[in-house]
Structures are given as structure tokens and as C-alpha cells.
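What follows is the content of coords.cif, which has mmCIF, C-alpha atoms, pLDDT in the B column; chains and numbers go by the auth columns:
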```
data_query
loop_
_atom_site.group_PDB
_atom_site.id
_atom_site.type_symbol
_atom_site.label_atom_id
_atom_site.label_comp_id
_atom_site.label_asym_id
_atom_site.label_seq_id
_atom_site.Cartn_x
_atom_site.Cartn_y
_atom_site.Cartn_z
_atom_site.B_iso_or_equiv
_atom_site.auth_seq_id
_atom_site.auth_asym_id
ATOM 1 C CA MET A 1 -41.358 8.377 -31.190 47.00 1013 A
ATOM 2 C CA ASN A 2 -38.738 5.741 -30.352 52.00 1014 A
ATOM 3 C CA LYS A 3 -35.980 8.269 -31.042 49.00 1015 A
ATOM 4 C CA ILE A 4 -37.579 10.827 -28.712 49.00 1016 A
ATOM 5 C CA ARG A 5 -38.003 8.185 -26.041 49.00 1017 A
ATOM 6 C CA PHE A 6 -34.345 7.193 -26.398 42.00 1018 A
ATOM 7 C CA ILE A 7 -33.189 10.812 -26.046 44.00 1019 A
ATOM 8 C CA LEU A 8 -35.334 11.286 -22.934 42.00 1020 A
ATOM 9 C CA CYS A 9 -33.969 8.101 -21.378 44.00 1021 A
ATOM 10 C CA LEU A 10 -30.406 9.163 -22.169 41.00 1022 A
ATOM 11 C CA ALA A 11 -30.982 12.599 -20.618 42.00 1023 A
ATOM 12 C CA LEU A 12 -32.413 11.015 -17.467 39.00 1024 A
ATOM 13 C CA ALA A 13 -29.451 8.641 -17.265 42.00 1025 A
ATOM 14 C CA VAL A 14 -26.991 11.552 -17.481 41.00 1026 A
ATOM 15 C CA ILE A 15 -28.848 13.445 -14.752 37.00 1027 A
ATOM 16 C CA PHE A 16 -28.912 10.337 -12.553 36.00 1028 A
ATOM 17 C CA PHE A 17 -25.179 9.715 -13.085 41.00 1029 A
ATOM 18 C CA GLN A 18 -24.310 13.306 -12.187 40.00 1030 A
ATOM 19 C CA THR A 19 -26.513 13.179 -9.086 35.00 1031 A
ATOM 20 C CA VAL A 20 -24.917 9.960 -7.869 37.00 1032 A
ATOM 21 C CA SER A 21 -21.375 11.040 -8.759 42.00 1033 A
ATOM 22 C CA PHE A 22 -21.556 14.385 -7.019 40.00 1034 A
ATOM 23 C CA ALA A 23 -23.553 13.341 -3.972 38.00 1035 A
ATOM 24 C CA ALA A 24 -20.295 12.732 -2.118 49.00 1036 A
ATOM 25 C CA VAL A 25 -18.910 16.098 -3.247 64.00 1037 A
ATOM 26 C CA LYS A 26 -21.410 17.851 -0.989 60.00 1038 A
ATOM 27 C CA THR A 27 -19.572 16.420 2.018 82.00 1039 A
ATOM 28 C CA GLY A 28 -16.306 18.119 1.019 94.00 1040 A
ATOM 29 C CA GLU A 29 -14.967 14.761 -0.168 96.00 1041 A
ATOM 30 C CA PHE A 30 -15.121 12.754 -3.377 97.00 1042 A
ATOM 31 C CA VAL A 31 -14.387 9.046 -3.562 96.00 1043 A
ATOM 32 C CA ILE A 32 -12.494 8.142 -6.729 97.00 1044 A
ATOM 33 C CA LEU A 33 -11.888 4.525 -5.726 97.00 1045 A
ATOM 34 C CA ASP A 34 -13.287 2.424 -2.909 96.00 1046 A
ATOM 35 C CA GLU A 35 -16.245 0.051 -3.184 96.00 1047 A
ATOM 36 C CA ASN A 36 -16.688 0.946 -6.873 97.00 1048 A
ATOM 37 C CA VAL A 37 -13.884 -0.999 -8.569 98.00 1049 A
ATOM 38 C CA ASP A 38 -16.070 -2.290 -11.407 98.00 1050 A
ATOM 39 C CA ALA A 39 -17.035 1.269 -12.358 97.00 1051 A
ATOM 40 C CA VAL A 40 -13.408 2.431 -12.275 98.00 1052 A
ATOM 41 C CA VAL A 41 -12.241 -0.509 -14.395 98.00 1053 A
ATOM 42 C CA LYS A 42 -14.781 0.482 -17.040 98.00 1054 A
ATOM 43 C CA TYR A 43 -13.211 3.906 -17.580 98.00 1055 A
ATOM 44 C CA ILE A 44 -9.485 3.176 -17.130 98.00 1056 A
ATOM 45 C CA THR A 45 -9.342 1.702 -20.616 97.00 1057 A
ATOM 46 C CA LYS A 46 -5.842 2.746 -21.713 97.00 1058 A
ATOM 47 C CA GLY A 47 -2.497 1.094 -21.033 96.00 1059 A
ATOM 48 C CA ASN A 48 -1.060 -2.435 -21.119 94.00 1060 A
ATOM 49 C CA GLY A 49 -1.718 -3.311 -17.481 94.00 1061 A
ATOM 50 C CA THR A 50 -4.448 -5.825 -16.639 94.00 1062 A
ATOM 51 C CA PRO A 51 -7.016 -4.423 -14.167 96.00 1063 A
ATOM 52 C CA LYS A 52 -9.394 -6.451 -12.027 97.00 1064 A
ATOM 53 C CA LYS A 53 -11.322 -6.356 -8.769 98.00 1065 A
ATOM 54 C CA VAL A 54 -9.794 -8.271 -5.858 98.00 1066 A
ATOM 55 C CA ALA A 55 -10.930 -8.998 -2.311 98.00 1067 A
ATOM 56 C CA ASP A 56 -7.573 -8.047 -0.759 97.00 1068 A
ATOM 57 C CA ALA A 57 -8.564 -4.506 0.276 98.00 1069 A
ATOM 58 C CA TYR A 58 -7.228 -1.783 2.536 98.00 1070 A
ATOM 59 C CA ALA A 59 -10.793 -0.827 3.468 93.00 1071 A
ATOM 60 C CA GLY A 60 -14.094 -2.511 2.777 95.00 1072 A
ATOM 61 C CA LYS A 61 -14.388 -5.614 0.632 97.00 1073 A
ATOM 62 C CA GLU A 62 -12.676 -4.794 -2.669 98.00 1074 A
ATOM 63 C CA ALA A 63 -9.624 -3.144 -4.203 98.00 1075 A
ATOM 64 C CA LEU A 64 -8.204 -2.495 -7.659 98.00 1076 A
ATOM 65 C CA TYR A 65 -5.374 -4.710 -8.877 98.00 1077 A
ATOM 66 C CA VAL A 66 -3.354 -3.841 -11.982 97.00 1078 A
ATOM 67 C CA GLY A 67 -1.003 -6.517 -13.248 94.00 1079 A
ATOM 68 C CA GLY A 68 2.264 -5.271 -14.729 88.00 1080 A
ATOM 69 C CA THR A 69 2.209 -7.603 -17.710 78.00 1081 A
ATOM 70 C CA GLY A 70 4.601 -5.758 -20.016 76.00 1082 A
ATOM 71 C CA GLY A 71 4.537 -2.571 -22.004 88.00 1083 A
ATOM 72 C CA ASP A 72 3.827 0.337 -19.695 93.00 1084 A
ATOM 73 C CA GLY A 73 2.380 -1.860 -16.940 94.00 1085 A
ATOM 74 C CA GLN A 74 -0.402 0.594 -16.135 96.00 1086 A
ATOM 75 C CA ARG A 75 -4.098 1.317 -16.590 97.00 1087 A
ATOM 76 C CA TYR A 76 -5.322 4.869 -17.023 98.00 1088 A
ATOM 77 C CA ASN A 77 -7.584 7.459 -18.591 98.00 1089 A
ATOM 78 C CA ASP A 78 -6.718 11.129 -19.008 98.00 1090 A
ATOM 79 C CA LYS A 79 -10.430 11.908 -19.412 98.00 1091 A
ATOM 80 C CA ALA A 80 -12.197 10.332 -16.440 98.00 1092 A
ATOM 81 C CA PRO A 81 -15.975 10.812 -15.953 97.00 1093 A
ATOM 82 C CA TRP A 82 -15.238 13.609 -13.466 97.00 1094 A
ATOM 83 C CA THR A 83 -13.337 16.907 -13.443 97.00 1095 A
ATOM 84 C CA PHE A 84 -12.227 18.812 -10.342 98.00 1096 A
ATOM 85 C CA LYS A 85 -10.243 21.922 -9.500 98.00 1097 A
ATOM 86 C CA ILE A 86 -7.282 21.729 -7.149 98.00 1098 A
ATOM 87 C CA ALA A 87 -7.263 24.957 -5.147 98.00 1099 A
ATOM 88 C CA GLU A 88 -5.486 26.541 -2.182 98.00 1100 A
ATOM 89 C CA ASN A 89 -8.759 27.370 -0.441 98.00 1101 A
ATOM 90 C CA PRO A 90 -11.385 24.960 -1.797 97.00 1102 A
ATOM 91 C CA LYS A 91 -14.953 26.046 -1.144 95.00 1103 A
ATOM 92 C CA ALA A 92 -17.067 25.045 -4.142 96.00 1104 A
ATOM 93 C CA ASP A 93 -18.337 21.482 -4.485 94.00 1105 A
ATOM 94 C CA ASP A 94 -15.895 20.793 -7.334 96.00 1106 A
ATOM 95 C CA GLU A 95 -12.793 22.106 -5.533 98.00 1107 A
ATOM 96 C CA PHE A 96 -10.333 20.064 -3.468 98.00 1108 A
ATOM 97 C CA ARG A 97 -6.847 20.387 -2.032 98.00 1109 A
ATOM 98 C CA TYR A 98 -5.888 16.959 -0.659 98.00 1110 A
ATOM 99 C CA ILE A 99 -5.787 13.375 -1.870 98.00 1111 A
ATOM 100 C CA THR A 100 -5.580 10.219 0.229 98.00 1112 A
ATOM 101 C CA PHE A 101 -4.756 6.843 -1.282 98.00 1113 A
ATOM 102 C CA ALA A 102 -3.737 3.374 -0.136 98.00 1114 A
ATOM 103 C CA TRP A 103 -1.519 1.009 -2.102 98.00 1115 A
ATOM 104 C CA LYS A 104 0.823 -1.949 -2.014 98.00 1116 A
ATOM 105 C CA LYS A 105 2.647 -4.241 -4.425 97.00 1117 A
ATOM 106 C CA ASN A 106 3.338 -7.978 -4.469 95.00 1118 A
ATOM 107 C CA GLY A 107 6.896 -7.672 -5.739 92.00 1119 A
ATOM 108 C CA GLY A 108 8.966 -5.644 -8.155 93.00 1120 A
ATOM 109 C CA THR A 109 10.790 -2.409 -7.490 94.00 1121 A
ATOM 110 C CA GLY A 110 8.264 0.432 -7.682 96.00 1122 A
ATOM 111 C CA ILE A 111 4.683 1.654 -7.880 98.00 1123 A
ATOM 112 C CA GLN A 112 3.220 4.975 -9.020 98.00 1124 A
ATOM 113 C CA LEU A 113 -0.016 6.972 -8.989 98.00 1125 A
ATOM 114 C CA GLN A 114 -0.330 9.604 -11.711 98.00 1126 A
ATOM 115 C CA LEU A 115 -2.834 12.434 -11.943 98.00 1127 A
ATOM 116 C CA HIS A 116 -3.656 14.072 -15.254 98.00 1128 A
ATOM 117 C CA GLY A 117 -4.539 17.758 -15.278 98.00 1129 A
ATOM 118 C CA ASN A 118 -4.407 21.116 -16.952 98.00 1130 A
ATOM 119 C CA PRO A 119 -1.786 22.497 -17.035 97.00 1131 A
ATOM 120 C CA ASP A 120 1.097 19.998 -17.105 97.00 1132 A
ATOM 121 C CA THR A 121 -0.921 16.947 -18.244 98.00 1133 A
ATOM 122 C CA TRP A 122 0.608 13.960 -16.383 98.00 1134 A
ATOM 123 C CA GLY A 123 3.009 16.129 -14.422 98.00 1135 A
ATOM 124 C CA HIS A 124 1.473 15.241 -11.030 98.00 1136 A
ATOM 125 C CA ARG A 125 2.883 11.920 -9.811 98.00 1137 A
ATOM 126 C CA TYR A 126 3.651 9.988 -6.635 98.00 1138 A
ATOM 127 C CA HIS A 127 5.768 6.859 -6.395 98.00 1139 A
ATOM 128 C CA ALA A 128 7.234 4.451 -3.851 98.00 1140 A
ATOM 129 C CA GLY A 129 10.417 2.501 -4.373 98.00 1141 A
ATOM 130 C CA ALA A 130 12.094 3.025 -7.738 97.00 1142 A
ATOM 131 C CA ASN A 131 10.749 5.337 -10.426 97.00 1143 A
ATOM 132 C CA VAL A 132 11.080 2.476 -12.902 94.00 1144 A
ATOM 133 C CA LYS A 133 10.315 4.401 -16.098 94.00 1145 A
ATOM 134 C CA ASN A 134 11.798 7.644 -14.752 97.00 1146 A
ATOM 135 C CA TRP A 135 8.503 9.443 -15.360 97.00 1147 A
ATOM 136 C CA ASN A 136 8.934 12.870 -13.831 98.00 1148 A
ATOM 137 C CA PRO A 137 8.076 15.061 -12.084 98.00 1149 A
ATOM 138 C CA SER A 138 7.227 12.539 -9.389 98.00 1150 A
ATOM 139 C CA ILE A 139 7.347 12.735 -5.581 98.00 1151 A
ATOM 140 C CA GLN A 140 8.715 9.700 -3.777 98.00 1152 A
ATOM 141 C CA VAL A 141 6.519 9.022 -0.738 98.00 1153 A
ATOM 142 C CA ASN A 142 8.473 5.967 0.422 97.00 1154 A
ATOM 143 C CA LYS A 143 11.938 4.718 -0.484 97.00 1155 A
ATOM 144 C CA SER A 144 10.742 1.127 -0.349 97.00 1156 A
ATOM 145 C CA VAL A 145 8.017 -0.684 -2.276 96.00 1157 A
ATOM 146 C CA PRO A 146 5.039 -1.152 0.072 97.00 1158 A
ATOM 147 C CA THR A 147 4.520 -4.905 0.442 96.00 1159 A
ATOM 148 C CA LYS A 148 1.729 -4.252 2.945 98.00 1160 A
ATOM 149 C CA TRP A 149 -1.048 -1.670 2.685 98.00 1161 A
ATOM 150 C CA GLU A 150 0.156 1.899 3.200 98.00 1162 A
ATOM 151 C CA LYS A 151 -2.056 4.983 3.300 98.00 1163 A
ATOM 152 C CA HIS A 152 -0.760 8.388 2.218 98.00 1164 A
ATOM 153 C CA THR A 153 -2.311 11.847 2.291 98.00 1165 A
ATOM 154 C CA ARG A 154 -0.839 14.540 0.069 98.00 1166 A
ATOM 155 C CA ASP A 155 -1.442 18.271 -0.215 98.00 1167 A
ATOM 156 C CA LEU A 156 -2.013 18.574 -3.952 98.00 1168 A
ATOM 157 C CA PHE A 157 -1.854 22.357 -3.981 98.00 1169 A
ATOM 158 C CA LYS A 158 1.423 22.422 -2.032 98.00 1170 A
ATOM 159 C CA ASP A 159 2.900 19.720 -4.276 98.00 1171 A
ATOM 160 C CA TRP A 160 1.721 20.989 -7.673 98.00 1172 A
ATOM 161 C CA LYS A 161 -0.036 24.364 -7.270 98.00 1173 A
ATOM 162 C CA ALA A 162 -3.465 24.955 -8.820 98.00 1174 A
ATOM 163 C CA PHE A 163 -4.601 22.722 -11.672 98.00 1175 A
ATOM 164 C CA THR A 164 -7.710 21.067 -13.049 98.00 1176 A
ATOM 165 C CA LEU A 165 -7.766 17.327 -12.408 98.00 1177 A
ATOM 166 C CA THR A 166 -9.138 15.355 -15.363 98.00 1178 A
ATOM 167 C CA GLY A 167 -7.717 11.828 -15.164 98.00 1179 A
ATOM 168 C CA ILE A 168 -5.801 9.172 -13.254 98.00 1180 A
ATOM 169 C CA ALA A 169 -3.292 6.375 -13.876 98.00 1181 A
ATOM 170 C CA PHE A 170 -2.621 3.323 -11.721 98.00 1182 A
ATOM 171 C CA THR A 171 0.929 2.327 -12.613 98.00 1183 A
ATOM 172 C CA ALA A 172 2.344 -1.033 -11.524 96.00 1184 A
ATOM 173 C CA TRP A 173 5.147 -1.007 -14.138 94.00 1185 A
ATOM 174 C CA PRO A 174 6.263 -4.162 -15.975 89.00 1186 A
ATOM 175 C CA ASP A 175 8.298 -5.603 -13.099 85.00 1187 A
ATOM 176 C CA GLY A 176 7.811 -9.264 -14.001 80.00 1188 A
ATOM 177 C CA ASP A 177 5.246 -12.021 -14.374 80.00 1189 A
ATOM 178 C CA ASP A 178 2.526 -12.258 -11.714 87.00 1190 A
ATOM 179 C CA ILE A 179 3.598 -8.935 -10.216 93.00 1191 A
ATOM 180 C CA GLY A 180 1.187 -6.055 -9.890 96.00 1192 A
ATOM 181 C CA GLY A 181 -0.033 -3.155 -7.804 97.00 1193 A
ATOM 182 C CA PHE A 182 -3.028 -2.797 -5.512 98.00 1194 A
ATOM 183 C CA TRP A 183 -4.930 0.468 -4.985 98.00 1195 A
ATOM 184 C CA ASP A 184 -7.798 1.318 -2.655 98.00 1196 A
ATOM 185 C CA TYR A 185 -9.400 4.213 -0.796 97.00 1197 A
ATOM 186 C CA VAL A 186 -8.503 7.001 -3.249 98.00 1198 A
ATOM 187 C CA VAL A 187 -10.328 10.080 -1.944 97.00 1199 A
ATOM 188 C CA LEU A 188 -10.191 13.804 -2.742 98.00 1200 A
ATOM 189 C CA HIS A 189 -10.960 16.082 0.194 97.00 1201 A
ATOM 190 C CA GLN A 190 -11.104 19.769 1.047 97.00 1202 A
ATOM 191 C CA ASN A 191 -9.730 19.503 4.595 96.00 1203 A
ATOM 192 C CA PRO A 192 -6.500 17.824 5.744 95.00 1204 A
ATOM 193 C CA GLU A 193 -8.388 15.097 7.590 91.00 1205 A
ATOM 194 C CA ILE A 194 -11.037 12.917 5.998 89.00 1206 A
ATOM 195 C CA LYS A 195 -14.251 13.056 8.004 78.00 1207 A
ATOM 196 C CA THR A 196 -15.251 9.570 6.918 63.00 1208 A
ATOM 197 C CA ALA A 197 -12.018 7.902 8.022 53.00 1209 A
ATOM 198 C CA VAL A 198 -11.440 4.158 7.976 51.00 1210 A
ATOM 199 C CA GLU A 199 -10.579 2.042 10.970 39.00 1211 A
ATOM 200 C CA SER A 200 -7.030 0.800 11.343 33.00 1212 A
ATOM 201 C CA LYS A 201 -7.994 -2.808 10.610 33.00 1213 A
ATOM 202 C CA GLY A 202 -9.421 -1.897 7.237 36.00 1214 A
ATOM 203 C CA LYS A 203 -13.128 -1.850 8.075 34.00 1215 A
ATOM 204 C CA LEU A 204 -15.290 1.107 7.157 33.00 1216 A
ATOM 205 C CA THR A 205 -16.662 3.213 9.966 31.00 1217 A
ATOM 206 C CA THR A 206 -20.376 3.448 10.566 27.00 1218 A
ATOM 207 C CA LYS A 207 -20.381 7.017 9.290 32.00 1219 A
ATOM 208 C CA TRP A 208 -18.676 5.963 6.048 33.00 1220 A
ATOM 209 C CA ALA A 209 -21.082 3.072 5.587 33.00 1221 A
ATOM 210 C CA LYS A 210 -24.071 5.374 6.000 33.00 1222 A
ATOM 211 C CA LEU A 211 -22.634 7.840 3.492 32.00 1223 A
ATOM 212 C CA LYS A 212 -22.310 5.148 0.866 34.00 1224 A
ATOM 213 C CA LYS A 213 -25.955 3.983 1.100 31.00 1225 A
#
```

Final C-alpha cells representation of the file:
Amino acid sequence: MNKIRFILCLALAVIFFQTVSFAAVKTGEFVILDENVDAVVKYITKGNGTPKKVADAYAGKEALYVGGTGGDGQRYNDKAPWTFKIAENPKADDEFRYITFAWKKNGGTGIQLQLHGNPDTWGHRYHAGANVKNWNPSIQVNKSVPTKWEKHTRDLFKDWKAFTLTGIAFTAWPDGDDIGGFWDYVVLHQNPEIKTAVESKGKLTTKWAKLKK
């Protein structure tokens, strides 16, 4: 009886998780990282970087910080608890074309965001400043390291063609002691503009706040 009860509870938990995770997908957008840093830290379990939640955010009250403490200086998972298709004309709830992300770094020479997919595994990367480890292919979105919050929107289909997105890496690189990268507001979306946009001063709009309740 206890075993049956456990199985039923597990099944209900899976259903609940899927419902919560894909509620945002119905809007044509999916939030990978925003006010959910603790949840993201739990699944980016690979790499030598040190992840933690910080209050210095681009939007809202929290952001992800990954300290570049040696080794590869990153935190990642190629098998995140979500899978999406990158398509030219996204229509289904699990299809997207664009990604928006905000980042900065408190020193060092470069920062990178990597997306894992099929095909080409980690062959979908963006960096600012130097490509420290020379991990390619990678698109440089800024020649300088962002010392203040910068937001970028990229056309994933134009950059990499169609692929299935399965994972993500937040790469600060081992640029020295007490140096790391900050990430916030990582959102997949079907249209070029995000409907639930943030205000310029980093506060969430009323519409965004209502969506997250």
C-alpha cells in the first residue's frame, strides 16, 4: 500500500511540475531564468564554477552568479528539465525562435552563454569580450566585457538553424579569484519582442508580475 501511495504521489508531482513549467509556454514565451534562481541552481550541477543566488539583478530581486574559481569556470547541464524546438516559424507550445538574456561580469576578460542541442551539442554559443577557452562556434555580441547589465536578444534560428534545445551553460571562465559572471532574465520567445518586457530600471512590469503569480 505504501508503495502504491508513493507511486501515486510521484505521478502527481510530475504532472504538477509539467503544469507549472509549461504554463508560461502558452504565452509564446518560456522563462529559463528570472525569479527562479534556486530551481536553476539545482539542475546546473556540472562544471567547476560556483553558482549562487544574488540580489544584484537586471530585473526583479534575484540573479544567478557563477564564480570562475578555476577549472572550466562554468556551471551547466546538457539535460535540463525542459526540451524545446528552435524553429523558423514557431507555432506549437514547445517551439521558439528567439532568446533574450541579460548578463554582466565583475572583472576578467570574457563571459559566455552556451546552449546544448541536437544536432551540434554545445555548438550554439554567445560571448562578450574574449573567447577565453576558444570554445567555438561562438558569436561575439560585444567586443568588451559587460561590467554593467546588458540585455541581448538573438534570433536562434538565424544564428544556428533548426535544433532541439536540451541544456544550458553559464560560463564565467576562470579569470581570477573573486571574479564571476551574472545572468538574469533568460527567456525563450516566439516573436521578436517579448510581450512581458521589463522596465529600463530593472523592475518587472505589472503584466509580468501578474504572469508569474

Matched chain/residue IDs from the PyMOL selection byres ((chain A and resi 1114) around 7), as a list in words: Tyr1070, Phe1113, Trp1115, Trp1161, Glu1162, Lys1163, His1164, Trp1195, Asp1196, Tyr1197 and Val1198 of chain A

Counting only C-alpha atoms, the residue of A:Ile1180, A:Ala1099, A:Ala1071, A:Val1144 that sits nearest A:Ile1056: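 Of A:Ile1180, A:Ala1099, A:Ala1071, A:Val1144, the one nearest A:Ile1056, counting only C-alpha atoms, is A:Ile1180.
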
Spatial neighbours of stretch 1176-1178 of chain A, 9 Å, only C-alpha atoms, chain gap at least 2 places, as JSON, numbers by chain: {"A": [1089, 1090, 1091, 1092, 1093, 1094, 1095, 1096, 1097, 1098, 1099, 1127, 1128, 1129, 1130, 1131, 1133, 1174, 1180]}

Evaluate the PyMOL selection byres ((chain A and resi 1110) around 10) and report residues as a ChimeraX atom specification: /A:1041,1098-1100,1102,1107-1109,1111-1112,1165-1171,1199-1206

Dump C-alpha atoms for the selected residues as a PDB file, in the coordinates of the input?
```pdb
ATOM      1  CA  GLU A1041     -14.967  14.761  -0.168  1.00 96.00           C
ATOM      2  CA  ILE A1098      -7.282  21.729  -7.149  1.00 98.00           C
ATOM      3  CA  ALA A1099      -7.263  24.957  -5.147  1.00 98.00           C
ATOM      4  CA  GLU A1100      -5.486  26.541  -2.182  1.00 98.00           C
ATOM      5  CA  PRO A1102     -11.385  24.960  -1.797  1.00 97.00           C
ATOM      6  CA  GLU A1107     -12.793  22.106  -5.533  1.00 98.00           C
ATOM      7  CA  PHE A1108     -10.333  20.064  -3.468  1.00 98.00           C
ATOM      8  CA  ARG A1109      -6.847  20.387  -2.032  1.00 98.00           C
ATOM      9  CA  ILE A1111      -5.787  13.375  -1.870  1.00 98.00           C
ATOM     10  CA  THR A1112      -5.580  10.219   0.229  1.00 98.00           C
ATOM     11  CA  THR A1165      -2.311  11.847   2.291  1.00 98.00           C
ATOM     12  CA  ARG A1166      -0.839  14.540   0.069  1.00 98.00           C
ATOM     13  CA  ASP A1167      -1.442  18.271  -0.215  1.00 98.00           C
ATOM     14  CA  LEU A1168      -2.013  18.574  -3.952  1.00 98.00           C
ATOM     15  CA  PHE A1169      -1.854  22.357  -3.981  1.00 98.00           C
ATOM     16  CA  LYS A1170       1.423  22.422  -2.032  1.00 98.00           C
ATOM     17  CA  ASP A1171       2.900  19.720  -4.276  1.00 98.00           C
ATOM     18  CA  VAL A1199     -10.328  10.080  -1.944  1.00 97.00           C
ATOM     19  CA  LEU A1200     -10.191  13.804  -2.742  1.00 98.00           C
ATOM     20  CA  HIS A1201     -10.960  16.082   0.194  1.00 97.00           C
ATOM     21  CA  GLN A1202     -11.104  19.769   1.047  1.00 97.00           C
ATOM     22  CA  ASN A1203      -9.730  19.503   4.595  1.00 96.00           C
ATOM     23  CA  PRO A1204      -6.500  17.824   5.744  1.00 95.00           C
ATOM     24  CA  GLU A1205      -8.388  15.097   7.590  1.00 91.00           C
ATOM     25  CA  ILE A1206     -11.037  12.917   5.998  1.00 89.00           C
TER      26      ILE A1206
END
```

Which of A:Gly1082, A:Gly1192, A:Gly1141, A:Gly1135 sits closest to A:Gly1122 [using all atoms listed in the file]: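 Distance minimum relative to A:Gly1122 lands on A:Gly1141.
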
Residue IDs satisfying the PyMOL selection byres ((chain A and resi 1187) around 12), as an NGL selection string: :A and (1061 or 1078-1086 or 1117-1123 or 1142-1145 or 1157 or 1183-1186 or 1188-1193)
